[in-house]
>>> print(open('coords_36.pdb').read())   # PDB, C-alpha atoms
MODEL        1
ATOM      1  CA  MET W   1     -22.762   7.377 -60.321  1.00  0.00           C
ATOM      2  CA  SER W   2     -23.792   6.792 -63.900  1.00  0.00           C
ATOM      3  CA  SER W   3     -24.202   9.469 -66.535  1.00  0.00           C
ATOM      4  CA  THR W   4     -27.279   9.696 -68.751  1.00  0.00           C
ATOM      5  CA  ARG W   5     -27.273  11.192 -72.242  1.00  0.00           C
ATOM      6  CA  LEU W   6     -30.321  11.617 -74.471  1.00  0.00           C
ATOM      7  CA  GLU W   7     -29.966  12.169 -78.212  1.00  0.00           C
ATOM      8  CA  HIS W   8     -32.197  12.627 -81.217  1.00  0.00           C
ATOM      9  CA  ASN W   9     -30.638  10.473 -83.942  1.00  0.00           C
ATOM     10  CA  THR W  10     -32.350  11.952 -86.990  1.00  0.00           C
ATOM     11  CA  ASP W  11     -30.502   9.659 -89.426  1.00  0.00           C
ATOM     12  CA  ALA W  12     -31.963   6.587 -87.682  1.00  0.00           C
ATOM     13  CA  THR W  13     -35.304   8.345 -86.934  1.00  0.00           C
ATOM     14  CA  ARG W  14     -35.112   7.521 -83.271  1.00  0.00           C
ATOM     15  CA  TYR W  15     -34.462   8.972 -79.850  1.00  0.00           C
ATOM     16  CA  GLU W  16     -31.683   7.293 -77.922  1.00  0.00           C
ATOM     17  CA  ILE W  17     -30.673   7.077 -74.292  1.00  0.00           C
ATOM     18  CA  TYR W  18     -27.134   6.278 -73.206  1.00  0.00           C
ATOM     19  CA  LEU W  19     -26.057   5.270 -69.713  1.00  0.00           C
ATOM     20  CA  ASP W  20     -22.318   5.699 -69.224  1.00  0.00           C
ATOM     21  CA  ASP W  21     -21.901   6.014 -73.018  1.00  0.00           C
ATOM     22  CA  THR W  22     -23.645   2.663 -73.663  1.00  0.00           C
ATOM     23  CA  LEU W  23     -26.858   2.647 -75.679  1.00  0.00           C
ATOM     24  CA  ALA W  24     -29.500   1.590 -73.142  1.00  0.00           C
ATOM     25  CA  GLY W  25     -32.641   2.025 -75.204  1.00  0.00           C
ATOM     26  CA  TYR W  26     -34.457   3.991 -77.854  1.00  0.00           C
ATOM     27  CA  ALA W  27     -37.809   5.043 -79.266  1.00  0.00           C
ATOM     28  CA  ASP W  28     -38.123   4.971 -83.045  1.00  0.00           C
ATOM     29  CA  TYR W  29     -40.606   6.839 -85.163  1.00  0.00           C
ATOM     30  CA  ALA W  30     -41.864   7.511 -88.659  1.00  0.00           C
ATOM     31  CA  GLU W  31     -42.323  11.108 -89.708  1.00  0.00           C
ATOM     32  CA  ARG W  32     -44.723  12.563 -92.230  1.00  0.00           C
ATOM     33  CA  VAL W  33     -46.454  15.781 -93.222  1.00  0.00           C
ATOM     34  CA  GLU W  34     -50.179  15.941 -93.960  1.00  0.00           C
ATOM     35  CA  GLY W  35     -51.035  19.368 -95.312  1.00  0.00           C
ATOM     36  CA  ASP W  36     -49.671  21.801 -92.734  1.00  0.00           C
ATOM     37  CA  LYS W  37     -49.547  19.160 -89.979  1.00  0.00           C
ATOM     38  CA  LYS W  38     -46.249  17.520 -88.999  1.00  0.00           C
ATOM     39  CA  ILE W  39     -46.655  14.067 -87.452  1.00  0.00           C
ATOM     40  CA  ARG W  40     -44.310  11.681 -85.658  1.00  0.00           C
ATOM     41  CA  ASP W  41     -45.643   8.172 -85.212  1.00  0.00           C
ATOM     42  CA  ILE W  42     -43.677   6.700 -82.305  1.00  0.00           C
ATOM     43  CA  GLN W  43     -43.764   3.054 -83.264  1.00  0.00           C
ATOM     44  CA  HIS W  44     -41.510   1.184 -80.893  1.00  0.00           C
ATOM     45  CA  THR W  45     -39.734   1.714 -77.586  1.00  0.00           C
ATOM     46  CA  LEU W  46     -36.973  -0.635 -76.535  1.00  0.00           C
ATOM     47  CA  THR W  47     -34.901  -0.922 -73.377  1.00  0.00           C
ATOM     48  CA  PHE W  48     -32.052  -3.406 -73.558  1.00  0.00           C
ATOM     49  CA  PRO W  49     -32.485  -6.147 -70.908  1.00  0.00           C
ATOM     50  CA  GLU W  50     -29.506  -5.179 -68.784  1.00  0.00           C
ATOM     51  CA  PHE W  51     -30.959  -1.655 -68.330  1.00  0.00           C
ATOM     52  CA  ARG W  52     -34.563  -2.570 -67.506  1.00  0.00           C
ATOM     53  CA  GLY W  53     -36.070  -1.363 -64.254  1.00  0.00           C
ATOM     54  CA  ARG W  54     -34.170   1.933 -64.266  1.00  0.00           C
ATOM     55  CA  GLY W  55     -36.781   4.183 -65.884  1.00  0.00           C
ATOM     56  CA  VAL W  56     -34.931   4.219 -69.204  1.00  0.00           C
ATOM     57  CA  ALA W  57     -38.069   3.974 -71.366  1.00  0.00           C
ATOM     58  CA  ALA W  58     -39.819   6.761 -69.459  1.00  0.00           C
ATOM     59  CA  GLN W  59     -36.823   9.066 -69.869  1.00  0.00           C
ATOM     60  CA  VAL W  60     -36.479   8.485 -73.605  1.00  0.00           C
ATOM     61  CA  VAL W  61     -40.234   8.862 -74.201  1.00  0.00           C
ATOM     62  CA  GLU W  62     -40.360  12.096 -72.189  1.00  0.00           C
ATOM     63  CA  PHE W  63     -37.411  13.407 -74.220  1.00  0.00           C
ATOM     64  CA  ALA W  64     -39.124  12.408 -77.494  1.00  0.00           C
ATOM     65  CA  LEU W  65     -42.405  14.071 -76.529  1.00  0.00           C
ATOM     66  CA  ASN W  66     -40.714  17.283 -75.396  1.00  0.00           C
ATOM     67  CA  ASP W  67     -38.687  17.416 -78.608  1.00  0.00           C
ATOM     68  CA  ALA W  68     -41.757  16.758 -80.759  1.00  0.00           C
ATOM     69  CA  ARG W  69     -43.582  19.610 -79.017  1.00  0.00           C
ATOM     70  CA  ALA W  70     -40.613  21.973 -79.453  1.00  0.00           C
ATOM     71  CA  GLN W  71     -40.423  21.093 -83.174  1.00  0.00           C
ATOM     72  CA  GLY W  72     -44.182  21.511 -83.761  1.00  0.00           C
ATOM     73  CA  PHE W  73     -45.038  17.839 -84.290  1.00  0.00           C
ATOM     74  CA  SER W  74     -48.124  15.996 -83.201  1.00  0.00           C
ATOM     75  CA  ILE W  75     -47.743  12.401 -82.020  1.00  0.00           C
ATOM     76  CA  ILE W  76     -49.338   9.107 -82.931  1.00  0.00           C
ATOM     77  CA  PRO W  77     -48.562   6.726 -80.043  1.00  0.00           C
ATOM     78  CA  THR W  78     -48.490   3.438 -81.979  1.00  0.00           C
ATOM     79  CA  CYS W  79     -46.172   1.998 -79.325  1.00  0.00           C
ATOM     80  CA  TRP W  80     -48.191   0.729 -76.349  1.00  0.00           C
ATOM     81  CA  TYR W  81     -45.656   2.150 -73.920  1.00  0.00           C
ATOM     82  CA  VAL W  82     -45.936   5.664 -75.368  1.00  0.00           C
ATOM     83  CA  GLU W  83     -49.728   5.439 -75.177  1.00  0.00           C
ATOM     84  CA  LYS W  84     -49.473   4.328 -71.525  1.00  0.00           C
ATOM     85  CA  TYR W  85     -46.957   7.088 -70.733  1.00  0.00           C
ATOM     86  CA  ILE W  86     -49.229   9.795 -72.190  1.00  0.00           C
ATOM     87  CA  ALA W  87     -52.226   8.403 -70.266  1.00  0.00           C
ATOM     88  CA  ALA W  88     -50.199   8.639 -67.037  1.00  0.00           C
ATOM     89  CA  ASN W  89     -48.845  12.104 -67.932  1.00  0.00           C
ATOM     90  CA  PRO W  90     -51.841  14.067 -69.280  1.00  0.00           C
ATOM     91  CA  GLU W  91     -49.725  17.164 -69.878  1.00  0.00           C
ATOM     92  CA  TYR W  92     -48.723  15.430 -73.143  1.00  0.00           C
ATOM     93  CA  ALA W  93     -52.282  14.568 -74.267  1.00  0.00           C
ATOM     94  CA  ASP W  94     -52.472  17.672 -76.459  1.00  0.00           C
ATOM     95  CA  LEU W  95     -49.706  16.223 -78.675  1.00  0.00           C
ATOM     96  CA  VAL W  96     -51.819  13.243 -79.770  1.00  0.00           C
ATOM     97  CA  GLY W  97     -53.366  13.892 -83.128  1.00  0.00           C
TER      98      GLY W  97
ENDMDL
END
>>> encode(input="coords_36.pdb", output="structure tokens")
Amino acid sequence: MSSTRLEHNTDATRYEIYLDDTLAGYADYAERVEGDKKIRDIQHTLTFPEFRGRGVAAQVVEFALNDARAQGFSIIPTCWYVEKYIAANPEYADLVG
């Protein structure tokens, strides 16, 4: 049984997912403030080839969206996968702004 760990690597401005302590994928973002609005533009999601087909991208994107909500950020889904994930999970649509 493999272990899964999700982390917010603020120094690298990305969310990371580890399977058995090996980096399996990540979602990186750019962060900015416009007036009183905090925005995270999720620009790229990557799953390393050996971990594809295991739901890695979905897990890291869900983690990123939940963290953004908890921290008061709105999301710009520049990454096509994030846009697709939000379309399939409308409970996150309110974050897009």
>>> closest_residue(input="coords_36.pdb", among="W:Leu19, W:Asp67, W:Leu95, W:Asn9", to="W:Gly55", atoms="only C-alpha atoms")
W:Leu19
>>> residues_near_point(input="coords_36.pdb", point="(-57.6, 16.5, -81.8)", cutoff="12 Å", atoms="only C-alpha atoms", output="list in words")
Lys37, Ser74, Ile75, Ile76, Ala93, Asp94, Leu95, Val96 and Gly97 of chain W
>>> resolve_selection(input="coords_36.pdb", expression="the PyMOL selection byres ((chain W and resi 27) around 8)", output="PyMOL selection string")
chain W and resi 14-16+25-26+28-29+42-46+57+60-61+64
>>> resolve_selection(input="coords_36.pdb", expression="the PyMOL selection byres ((chain W and resi 85) around 12)", output="list in words")
Thr45, Gly55, Ala57, Ala58, Gln59, Val60, Val61, Glu62, Phe63, Ala64, Leu65, Pro77, Thr78, Cys79, Trp80, Tyr81, Val82, Glu83, Lys84, Ile86, Ala87, Ala88, Asn89, Pro90, Glu91, Tyr92, Ala93 and Val96 of chain W
>>> closest_residue(input="coords_36.pdb", among="W:Ile39, W:Arg69, W:His8, W:Ala24", to="W:Arg54", atoms="all atoms listed in the file")
W:Ala24
>>> build_atoms(input="coords_36.pdb", residues="stretch 58-82 of chain W", atoms="N, CA and C atoms", output="compact mmCIF listing (two decimals), in the coordinates of the input")
# COMPACT_ATOMS: atom_id res chain seq x y z
N ALA W 58 -39.12 5.52 -69.81
CA ALA W 58 -39.82 6.76 -69.46
C ALA W 58 -38.98 7.99 -69.82
N GLN W 59 -37.69 7.92 -69.56
CA GLN W 59 -36.82 9.07 -69.87
C GLN W 59 -36.75 9.33 -71.37
N VAL W 60 -36.61 8.29 -72.16
CA VAL W 60 -36.48 8.48 -73.60
C VAL W 60 -37.81 8.94 -74.21
N VAL W 61 -38.93 8.44 -73.69
CA VAL W 61 -40.23 8.86 -74.20
C VAL W 61 -40.50 10.32 -73.83
N GLU W 62 -40.19 10.70 -72.60
CA GLU W 62 -40.36 12.10 -72.19
C GLU W 62 -39.52 13.02 -73.08
N PHE W 63 -38.30 12.63 -73.34
CA PHE W 63 -37.41 13.41 -74.22
C PHE W 63 -38.01 13.52 -75.62
N ALA W 64 -38.52 12.41 -76.15
CA ALA W 64 -39.12 12.41 -77.49
C ALA W 64 -40.35 13.32 -77.55
N LEU W 65 -41.19 13.25 -76.54
CA LEU W 65 -42.40 14.07 -76.53
C LEU W 65 -42.07 15.55 -76.39
N ASN W 66 -41.12 15.88 -75.54
CA ASN W 66 -40.71 17.28 -75.40
C ASN W 66 -40.10 17.81 -76.69
N ASP W 67 -39.29 16.99 -77.36
CA ASP W 67 -38.69 17.42 -78.61
C ASP W 67 -39.75 17.58 -79.70
N ALA W 68 -40.69 16.65 -79.77
CA ALA W 68 -41.76 16.76 -80.76
C ALA W 68 -42.54 18.06 -80.55
N ARG W 69 -42.85 18.36 -79.31
CA ARG W 69 -43.58 19.61 -79.02
C ARG W 69 -42.75 20.82 -79.46
N ALA W 70 -41.48 20.84 -79.11
CA ALA W 70 -40.61 21.97 -79.45
C ALA W 70 -40.49 22.15 -80.97
N GLN W 71 -40.57 21.04 -81.72
CA GLN W 71 -40.42 21.09 -83.17
C GLN W 71 -41.77 21.25 -83.90
N GLY W 72 -42.87 21.30 -83.16
CA GLY W 72 -44.18 21.51 -83.76
C GLY W 72 -44.83 20.26 -84.34
N PHE W 73 -44.46 19.10 -83.82
CA PHE W 73 -45.04 17.84 -84.29
C PHE W 73 -46.17 17.40 -83.39
N SER W 74 -47.16 16.74 -84.00
CA SER W 74 -48.12 16.00 -83.20
C SER W 74 -47.65 14.55 -83.18
N ILE W 75 -48.21 13.76 -82.27
CA ILE W 75 -47.74 12.40 -82.02
C ILE W 75 -48.85 11.39 -82.30
N ILE W 76 -48.48 10.29 -82.88
CA ILE W 76 -49.34 9.11 -82.93
C ILE W 76 -48.62 8.06 -82.07
N PRO W 77 -49.22 7.68 -80.94
CA PRO W 77 -48.56 6.73 -80.04
C PRO W 77 -48.86 5.28 -80.44
N THR W 78 -48.30 4.83 -81.55
CA THR W 78 -48.49 3.44 -81.98
C THR W 78 -47.92 2.47 -80.94
N CYS W 79 -46.79 2.82 -80.36
CA CYS W 79 -46.17 2.00 -79.32
C CYS W 79 -47.05 2.01 -78.08
N TRP W 80 -47.34 0.83 -77.54
CA TRP W 80 -48.19 0.73 -76.35
C TRP W 80 -47.59 1.47 -75.16
N TYR W 81 -46.29 1.49 -75.07
CA TYR W 81 -45.66 2.15 -73.92
C TYR W 81 -45.85 3.66 -74.00
N VAL W 82 -45.74 4.22 -75.19
CA VAL W 82 -45.94 5.66 -75.37
C VAL W 82 -47.39 6.03 -75.04
